[in-house]
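Okay, work.cif now, which holds mmCIF, N, CA and C atoms:
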data_structure
#
loop_
_atom_site.group_PDB
_atom_site.id
_atom_site.type_symbol
_atom_site.label_atom_id
_atom_site.label_comp_id
_atom_site.auth_asym_id
_atom_site.auth_seq_id
_atom_site.Cartn_x
_atom_site.Cartn_y
_atom_site.Cartn_z
ATOM 1 N N MET A 1 156.815 -28.580 129.191
ATOM 2 C CA MET A 1 155.565 -29.310 129.217
ATOM 3 C C MET A 1 155.299 -29.822 127.805
ATOM 4 N N PHE A 2 154.497 -30.873 127.736
ATOM 5 C CA PHE A 2 154.251 -31.528 126.457
ATOM 6 C C PHE A 2 152.772 -31.850 126.277
ATOM 7 N N ILE A 3 152.330 -31.772 125.042
ATOM 8 C CA ILE A 3 151.038 -32.310 124.638
ATOM 9 C C ILE A 3 151.350 -33.547 123.806
ATOM 10 N N VAL A 4 150.746 -34.662 124.175
ATOM 11 C CA VAL A 4 150.932 -35.907 123.430
ATOM 12 C C VAL A 4 149.589 -36.254 122.793
ATOM 13 N N SER A 5 149.602 -36.397 121.484
ATOM 14 C CA SER A 5 148.399 -36.769 120.747
ATOM 15 C C SER A 5 148.571 -38.194 120.231
ATOM 16 N N LEU A 6 147.694 -39.091 120.707
ATOM 17 C CA LEU A 6 147.711 -40.475 120.253
ATOM 18 C C LEU A 6 146.655 -40.643 119.167
ATOM 19 N N THR A 7 147.002 -41.363 118.121
ATOM 20 C CA THR A 7 146.059 -41.707 117.058
ATOM 21 C C THR A 7 146.059 -43.220 116.913
ATOM 22 N N TYR A 8 144.888 -43.816 117.085
ATOM 23 C CA TYR A 8 144.779 -45.272 116.993
ATOM 24 C C TYR A 8 145.084 -45.750 115.582
ATOM 25 N N LYS A 9 145.740 -46.918 115.505
ATOM 26 C CA LYS A 9 146.130 -47.521 114.232
ATOM 27 C C LYS A 9 145.365 -48.809 113.953
ATOM 28 N N CYS A 10 144.380 -49.129 114.790
ATOM 29 C CA CYS A 10 143.676 -50.394 114.667
ATOM 30 C C CYS A 10 142.218 -50.191 115.088
ATOM 31 N N PRO A 11 141.373 -51.189 114.895
ATOM 32 C CA PRO A 11 139.972 -51.066 115.304
ATOM 33 C C PRO A 11 139.837 -50.897 116.819
ATOM 34 N N LEU A 12 138.746 -50.244 117.244
ATOM 35 C CA LEU A 12 138.510 -49.999 118.669
ATOM 36 C C LEU A 12 138.422 -51.286 119.482
ATOM 37 N N ALA A 13 137.980 -52.365 118.884
ATOM 38 C CA ALA A 13 137.912 -53.643 119.605
ATOM 39 C C ALA A 13 139.305 -54.048 120.089
ATOM 40 N N GLU A 14 140.327 -53.804 119.276
ATOM 41 C CA GLU A 14 141.706 -54.123 119.676
ATOM 42 C C GLU A 14 142.183 -53.159 120.765
ATOM 43 N N ILE A 15 141.825 -51.883 120.651
ATOM 44 C CA ILE A 15 142.149 -50.894 121.688
ATOM 45 C C ILE A 15 141.529 -51.337 123.009
ATOM 46 N N ASP A 16 140.266 -51.703 122.975
ATOM 47 C CA ASP A 16 139.551 -52.087 124.194
ATOM 48 C C ASP A 16 140.161 -53.317 124.862
ATOM 49 N N ARG A 17 140.759 -54.206 124.098
ATOM 50 C CA ARG A 17 141.416 -55.387 124.669
ATOM 51 C C ARG A 17 142.590 -54.998 125.564
ATOM 52 N N HIS A 18 143.200 -53.850 125.291
ATOM 53 C CA HIS A 18 144.384 -53.394 126.031
ATOM 54 C C HIS A 18 144.073 -52.206 126.948
ATOM 55 N N LEU A 19 142.805 -51.823 127.031
ATOM 56 C CA LEU A 19 142.432 -50.614 127.758
ATOM 57 C C LEU A 19 142.730 -50.699 129.254
ATOM 58 N N GLU A 20 142.462 -51.829 129.875
ATOM 59 C CA GLU A 20 142.713 -51.964 131.317
ATOM 60 C C GLU A 20 144.200 -51.760 131.631
ATOM 61 N N ALA A 21 145.067 -52.353 130.843
ATOM 62 C CA ALA A 21 146.509 -52.190 131.041
ATOM 63 C C ALA A 21 146.936 -50.752 130.768
ATOM 64 N N HIS A 22 146.330 -50.116 129.773
ATOM 65 C CA HIS A 22 146.639 -48.719 129.459
ATOM 66 C C HIS A 22 146.244 -47.810 130.623
ATOM 67 N N VAL A 23 145.074 -48.027 131.199
ATOM 68 C CA VAL A 23 144.616 -47.216 132.328
ATOM 69 C C VAL A 23 145.547 -47.404 133.524
ATOM 70 N N ALA A 24 145.989 -48.625 133.778
ATOM 71 C CA ALA A 24 146.935 -48.875 134.869
ATOM 72 C C ALA A 24 148.244 -48.131 134.619
ATOM 73 N N TYR A 25 148.697 -48.122 133.378
ATOM 74 C CA TYR A 25 149.899 -47.362 132.994
ATOM 75 C C TYR A 25 149.699 -45.874 133.252
ATOM 76 N N LEU A 26 148.548 -45.330 132.839
ATOM 77 C CA LEU A 26 148.259 -43.908 133.073
ATOM 78 C C LEU A 26 148.293 -43.588 134.562
ATOM 79 N N GLN A 27 147.662 -44.420 135.371
ATOM 80 C CA GLN A 27 147.630 -44.188 136.818
ATOM 81 C C GLN A 27 149.038 -44.177 137.397
ATOM 82 N N GLN A 28 149.887 -45.051 136.916
ATOM 83 C CA GLN A 28 151.279 -45.092 137.375
ATOM 84 C C GLN A 28 152.000 -43.793 137.021
ATOM 85 N N GLN A 29 151.764 -43.278 135.825
ATOM 86 C CA GLN A 29 152.435 -42.043 135.404
ATOM 87 C C GLN A 29 151.911 -40.826 136.169
ATOM 88 N N TYR A 30 150.626 -40.818 136.501
ATOM 89 C CA TYR A 30 150.097 -39.753 137.360
ATOM 90 C C TYR A 30 150.760 -39.810 138.728
ATOM 91 N N ALA A 31 150.889 -40.997 139.292
ATOM 92 C CA ALA A 31 151.496 -41.168 140.621
ATOM 93 C C ALA A 31 152.953 -40.704 140.622
ATOM 94 N N GLN A 32 153.641 -40.861 139.500
ATOM 95 C CA GLN A 32 155.035 -40.451 139.393
ATOM 96 C C GLN A 32 155.176 -38.974 139.031
ATOM 97 N N GLY A 33 154.053 -38.300 138.782
ATOM 98 C CA GLY A 33 154.088 -36.873 138.479
ATOM 99 C C GLY A 33 154.372 -36.529 137.038
ATOM 100 N N HIS A 34 154.355 -37.510 136.150
ATOM 101 C CA HIS A 34 154.640 -37.244 134.738
ATOM 102 C C HIS A 34 153.431 -36.707 133.976
ATOM 103 N N PHE A 35 152.237 -37.173 134.326
ATOM 104 C CA PHE A 35 151.044 -36.779 133.577
ATOM 105 C C PHE A 35 150.209 -35.808 134.400
ATOM 106 N N ILE A 36 149.649 -34.806 133.716
ATOM 107 C CA ILE A 36 148.850 -33.752 134.346
ATOM 108 C C ILE A 36 147.371 -33.947 134.039
ATOM 109 N N ALA A 37 147.068 -34.338 132.807
ATOM 110 C CA ALA A 37 145.684 -34.556 132.368
ATOM 111 C C ALA A 37 145.724 -35.490 131.165
ATOM 112 N N SER A 38 144.625 -36.222 130.969
ATOM 113 C CA SER A 38 144.536 -37.101 129.809
ATOM 114 C C SER A 38 143.074 -37.397 129.518
ATOM 115 N N GLY A 39 142.821 -37.859 128.298
ATOM 116 C CA GLY A 39 141.458 -38.226 127.941
ATOM 117 C C GLY A 39 141.353 -38.641 126.490
ATOM 118 N N ARG A 40 140.159 -39.107 126.138
ATOM 119 C CA ARG A 40 139.877 -39.572 124.777
ATOM 120 C C ARG A 40 139.612 -38.388 123.855
ATOM 121 N N LYS A 41 139.983 -38.572 122.589
ATOM 122 C CA LYS A 41 139.582 -37.619 121.558
ATOM 123 C C LYS A 41 138.106 -37.861 121.241
ATOM 124 N N VAL A 42 137.440 -36.822 120.770
ATOM 125 C CA VAL A 42 136.048 -36.931 120.339
ATOM 126 C C VAL A 42 135.997 -36.475 118.889
ATOM 127 N N PRO A 43 135.676 -37.377 117.951
ATOM 128 C CA PRO A 43 135.293 -38.771 118.137
ATOM 129 C C PRO A 43 136.483 -39.597 118.609
ATOM 130 N N ARG A 44 136.213 -40.824 119.018
ATOM 131 C CA ARG A 44 137.215 -41.687 119.654
ATOM 132 C C ARG A 44 138.189 -42.270 118.625
ATOM 133 N N THR A 45 139.140 -41.433 118.230
ATOM 134 C CA THR A 45 140.174 -41.839 117.280
ATOM 135 C C THR A 45 141.543 -41.916 117.937
ATOM 136 N N GLY A 46 141.591 -41.640 119.231
ATOM 137 C CA GLY A 46 142.856 -41.634 119.957
ATOM 138 C C GLY A 46 142.668 -40.941 121.287
ATOM 139 N N GLY A 47 143.747 -40.363 121.783
ATOM 140 C CA GLY A 47 143.698 -39.680 123.064
ATOM 141 C C GLY A 47 144.694 -38.546 123.116
ATOM 142 N N VAL A 48 144.635 -37.795 124.224
ATOM 143 C CA VAL A 48 145.528 -36.658 124.445
ATOM 144 C C VAL A 48 146.045 -36.745 125.872
ATOM 145 N N ILE A 49 147.336 -36.468 126.039
ATOM 146 C CA ILE A 49 147.961 -36.445 127.359
ATOM 147 C C ILE A 49 148.705 -35.134 127.511
ATOM 148 N N LEU A 50 148.516 -34.459 128.631
ATOM 149 C CA LEU A 50 149.318 -33.300 129.010
ATOM 150 C C LEU A 50 150.356 -33.834 129.984
ATOM 151 N N ALA A 51 151.644 -33.673 129.649
ATOM 152 C CA ALA A 51 152.702 -34.324 130.412
ATOM 153 C C ALA A 51 153.837 -33.371 130.763
ATOM 154 N N ARG A 52 154.575 -33.777 131.803
ATOM 155 C CA ARG A 52 155.818 -33.104 132.189
ATOM 156 C C ARG A 52 156.930 -34.136 132.164
ATOM 157 N N ALA A 53 158.081 -33.722 131.659
ATOM 158 C CA ALA A 53 159.255 -34.590 131.645
ATOM 159 C C ALA A 53 160.485 -33.694 131.509
ATOM 160 N N GLU A 54 161.639 -34.241 131.845
ATOM 161 C CA GLU A 54 162.891 -33.481 131.765
ATOM 162 C C GLU A 54 163.243 -33.114 130.330
ATOM 163 N N SER A 55 162.846 -33.964 129.393
ATOM 164 C CA SER A 55 163.166 -33.741 127.987
ATOM 165 C C SER A 55 162.208 -34.556 127.127
ATOM 166 N N LYS A 56 162.227 -34.277 125.839
ATOM 167 C CA LYS A 56 161.410 -35.054 124.898
ATOM 168 C C LYS A 56 161.869 -36.505 124.902
ATOM 169 N N GLU A 57 163.171 -36.719 124.983
ATOM 170 C CA GLU A 57 163.707 -38.075 124.992
ATOM 171 C C GLU A 57 163.234 -38.840 126.230
ATOM 172 N N ALA A 58 163.212 -38.162 127.377
ATOM 173 C CA ALA A 58 162.726 -38.809 128.605
ATOM 174 C C ALA A 58 161.246 -39.171 128.465
ATOM 175 N N LEU A 59 160.474 -38.275 127.867
ATOM 176 C CA LEU A 59 159.052 -38.551 127.662
ATOM 177 C C LEU A 59 158.853 -39.710 126.685
ATOM 178 N N GLU A 60 159.666 -39.772 125.654
ATOM 179 C CA GLU A 60 159.561 -40.889 124.703
ATOM 180 C C GLU A 60 159.784 -42.227 125.415
ATOM 181 N N LYS A 61 160.714 -42.279 126.367
ATOM 182 C CA LYS A 61 160.953 -43.503 127.138
ATOM 183 C C LYS A 61 159.733 -43.836 128.003
ATOM 184 N N ILE A 62 159.138 -42.808 128.609
ATOM 185 C CA ILE A 62 157.939 -43.005 129.429
ATOM 186 C C ILE A 62 156.802 -43.542 128.554
ATOM 187 N N LEU A 63 156.597 -42.927 127.400
ATOM 188 C CA LEU A 63 155.520 -43.356 126.504
ATOM 189 C C LEU A 63 155.764 -44.754 125.947
ATOM 190 N N GLY A 64 157.012 -45.156 125.848
ATOM 191 C CA GLY A 64 157.347 -46.489 125.370
ATOM 192 C C GLY A 64 156.872 -47.590 126.306
ATOM 193 N N GLN A 65 156.538 -47.229 127.547
ATOM 194 C CA GLN A 65 156.018 -48.189 128.517
ATOM 195 C C GLN A 65 154.509 -48.402 128.381
ATOM 196 N N ASP A 66 153.845 -47.557 127.600
ATOM 197 C CA ASP A 66 152.397 -47.650 127.403
ATOM 198 C C ASP A 66 152.066 -48.933 126.641
ATOM 199 N N PRO A 67 151.120 -49.731 127.145
ATOM 200 C CA PRO A 67 150.722 -50.935 126.404
ATOM 201 C C PRO A 67 150.272 -50.636 124.971
ATOM 202 N N PHE A 68 149.712 -49.469 124.734
ATOM 203 C CA PHE A 68 149.336 -49.109 123.365
ATOM 204 C C PHE A 68 150.576 -49.000 122.485
ATOM 205 N N ALA A 69 151.671 -48.463 123.031
ATOM 206 C CA ALA A 69 152.925 -48.367 122.273
ATOM 207 C C ALA A 69 153.562 -49.739 122.124
ATOM 208 N N GLN A 70 153.588 -50.499 123.190
ATOM 209 C CA GLN A 70 154.237 -51.812 123.177
ATOM 210 C C GLN A 70 153.558 -52.782 122.218
ATOM 211 N N ASN A 71 152.272 -52.584 121.974
ATOM 212 C CA ASN A 71 151.516 -53.442 121.055
ATOM 213 C C ASN A 71 151.262 -52.776 119.707
ATOM 214 N N ASP A 72 151.936 -51.639 119.458
ATOM 215 C CA ASP A 72 151.849 -50.911 118.183
ATOM 216 C C ASP A 72 150.408 -50.588 117.795
ATOM 217 N N LEU A 73 149.642 -50.087 118.782
ATOM 218 C CA LEU A 73 148.233 -49.771 118.561
ATOM 219 C C LEU A 73 147.978 -48.310 118.230
ATOM 220 N N ALA A 74 148.974 -47.444 118.502
ATOM 221 C CA ALA A 74 148.761 -46.009 118.310
ATOM 222 C C ALA A 74 150.049 -45.333 117.860
ATOM 223 N N ASP A 75 149.874 -44.241 117.119
ATOM 224 C CA ASP A 75 150.980 -43.344 116.800
ATOM 225 C C ASP A 75 150.966 -42.222 117.827
ATOM 226 N N TYR A 76 152.141 -41.702 118.180
ATOM 227 C CA TYR A 76 152.279 -40.663 119.186
ATOM 228 C C TYR A 76 152.918 -39.430 118.563
ATOM 229 N N GLU A 77 152.246 -38.288 118.686
ATOM 230 C CA GLU A 77 152.820 -37.004 118.286
ATOM 231 C C GLU A 77 153.100 -36.227 119.567
ATOM 232 N N ILE A 78 154.331 -35.753 119.723
ATOM 233 C CA ILE A 78 154.731 -35.027 120.930
ATOM 234 C C ILE A 78 154.997 -33.577 120.556
ATOM 235 N N ILE A 79 154.323 -32.669 121.250
ATOM 236 C CA ILE A 79 154.495 -31.233 121.038
ATOM 237 C C ILE A 79 154.984 -30.629 122.347
ATOM 238 N N GLN A 80 156.172 -30.039 122.323
ATOM 239 C CA GLN A 80 156.699 -29.383 123.520
ATOM 240 C C GLN A 80 156.316 -27.906 123.485
ATOM 241 N N PHE A 81 155.931 -27.373 124.663
ATOM 242 C CA PHE A 81 155.601 -25.958 124.732
ATOM 243 C C PHE A 81 155.870 -25.427 126.133
ATOM 244 N N THR A 82 155.966 -24.112 126.234
ATOM 245 C CA THR A 82 156.109 -23.430 127.509
ATOM 246 C C THR A 82 154.843 -22.638 127.745
ATOM 247 N N ALA A 83 154.188 -22.860 128.873
ATOM 248 C CA ALA A 83 152.951 -22.146 129.199
ATOM 249 C C ALA A 83 153.313 -20.729 129.647
ATOM 250 N N GLY A 84 153.124 -19.778 128.765
ATOM 251 C CA GLY A 84 153.415 -18.378 129.083
ATOM 252 C C GLY A 84 152.280 -17.714 129.839
ATOM 253 N N MET A 85 151.078 -18.158 129.583
ATOM 254 C CA MET A 85 149.897 -17.637 130.277
ATOM 255 C C MET A 85 149.036 -18.825 130.684
ATOM 256 N N VAL A 86 148.379 -18.687 131.840
ATOM 257 C CA VAL A 86 147.473 -19.729 132.317
ATOM 258 C C VAL A 86 146.268 -19.069 132.975
ATOM 259 N N GLY A 87 145.163 -19.796 133.043
ATOM 260 C CA GLY A 87 143.979 -19.312 133.714
ATOM 261 C C GLY A 87 144.155 -19.396 135.225
ATOM 262 N N GLU A 88 143.305 -18.679 135.917
ATOM 263 C CA GLU A 88 143.347 -18.664 137.368
ATOM 264 C C GLU A 88 143.207 -20.085 137.918
ATOM 265 N N GLY A 89 144.064 -20.416 138.849
ATOM 266 C CA GLY A 89 144.062 -21.736 139.438
ATOM 267 C C GLY A 89 145.012 -22.719 138.761
ATOM 268 N N PHE A 90 145.599 -22.322 137.638
ATOM 269 C CA PHE A 90 146.503 -23.195 136.891
ATOM 270 C C PHE A 90 147.943 -22.678 136.908
ATOM 271 N N GLU A 91 148.275 -21.826 137.856
ATOM 272 C CA GLU A 91 149.596 -21.212 137.916
ATOM 273 C C GLU A 91 150.727 -22.238 138.004
ATOM 274 N N LYS A 92 150.480 -23.403 138.570
ATOM 275 C CA LYS A 92 151.515 -24.429 138.695
ATOM 276 C C LYS A 92 151.956 -24.973 137.347
ATOM 277 N N LEU A 93 151.192 -24.714 136.300
ATOM 278 C CA LEU A 93 151.564 -25.190 134.967
ATOM 279 C C LEU A 93 152.657 -24.344 134.342
ATOM 280 N N GLN A 94 152.859 -23.147 134.844
ATOM 281 C CA GLN A 94 153.907 -22.291 134.294
ATOM 282 C C GLN A 94 155.268 -22.769 134.775
ATOM 283 N N GLU A 95 156.209 -22.743 133.858
ATOM 284 C CA GLU A 95 157.563 -23.199 134.204
ATOM 285 C C GLU A 95 158.423 -22.034 134.620
#
Mind converting the file's structure to structure tokens?
Amino acid sequence: MFIVSLTYKCPLAEIDRHLEAHVAYLQQQYAQGHFIASGRKVPRTGGVILARAESKEALEKILGQDPFAQNDLADYEIIQFTAGMVGEGFEKLQE
């Protein structure tokens, strides 16, 4: 499993211009089972995605399809981890 931290590299007005396409991309990745959860950072300096992929390289290819990546609007930090413990109701997150 992976935590992806996006950090915006441009003003929010530029982010907002691409937001509709980004949301469509997110919905596609949820439908394909790659993304588990996502949302904005507070304050709004980027976003966070909880993702599943076969490898970091596979996830990098998936993230490369994001309009934010394609338009060089955000930096992406990928952290891989194994969920050793989870709260009740989240057992499916354990590998």
*Using all atoms listed in the file, which residues sit within 7 Å of segment 68-85 of chain A once same-chain residues fewer than 5 positions away are excluded, as an MDAnalysis selection string?*
chainID A and resid 1:10 15 18 21:22 63 93:95
*DSSP strand (DSSP E) selection over chain A, as a list in words*: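 Across chain A, those assigned strand (DSSP E) are Phe2, Ile3, Val4, Ser5, Leu6, Thr7, Tyr8, Phe35, Ile36, Ala37, Ser38, Gly39, Arg40, Gly46, Gly47, Val48, Ile49, Leu50, Ala51, Ala74, Asp75, Tyr76, Glu77, Ile78, Ile79 and Gln80 of chain A.
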*Could you please determine the separation between atom N of Gly33 of chain A and atom CA of Glu57 of chain A in Å, to one decimal place?*
16.8 Å
_Separation of atom CA of Gln29 of chain A from atom CA of Lys56 of chain A, in Å and rounded to one decimal_ =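 Between these atoms lies a distance of 15.5 Å.
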*asked:* Residues proximal to (151.2, -41.9, 130.8) were defined as those with any atom within 8 Å of that point in the file's coordinates, counting all atoms listed in the file. Which are they, as a PyMOL selection string?
replied: chain A and resi 22+24-30+34-36+49+51+62-63+65-66
*What is the distance between atom C of Leu59 of chain A and atom CA of Glu91 of chain A, in Å to one decimal?*
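Between atom C of Leu59 of chain A and atom CA of Glu91 of chain A the gap works out to 23.5 Å.
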_So that I can check the secondary structure, give me every residue of chain A assigned helix (DSSP H, G or I) by backbone DSSP, as a PyMOL selection string._
chain A and resi 12-17+19-31+56-63+67-70+91-93
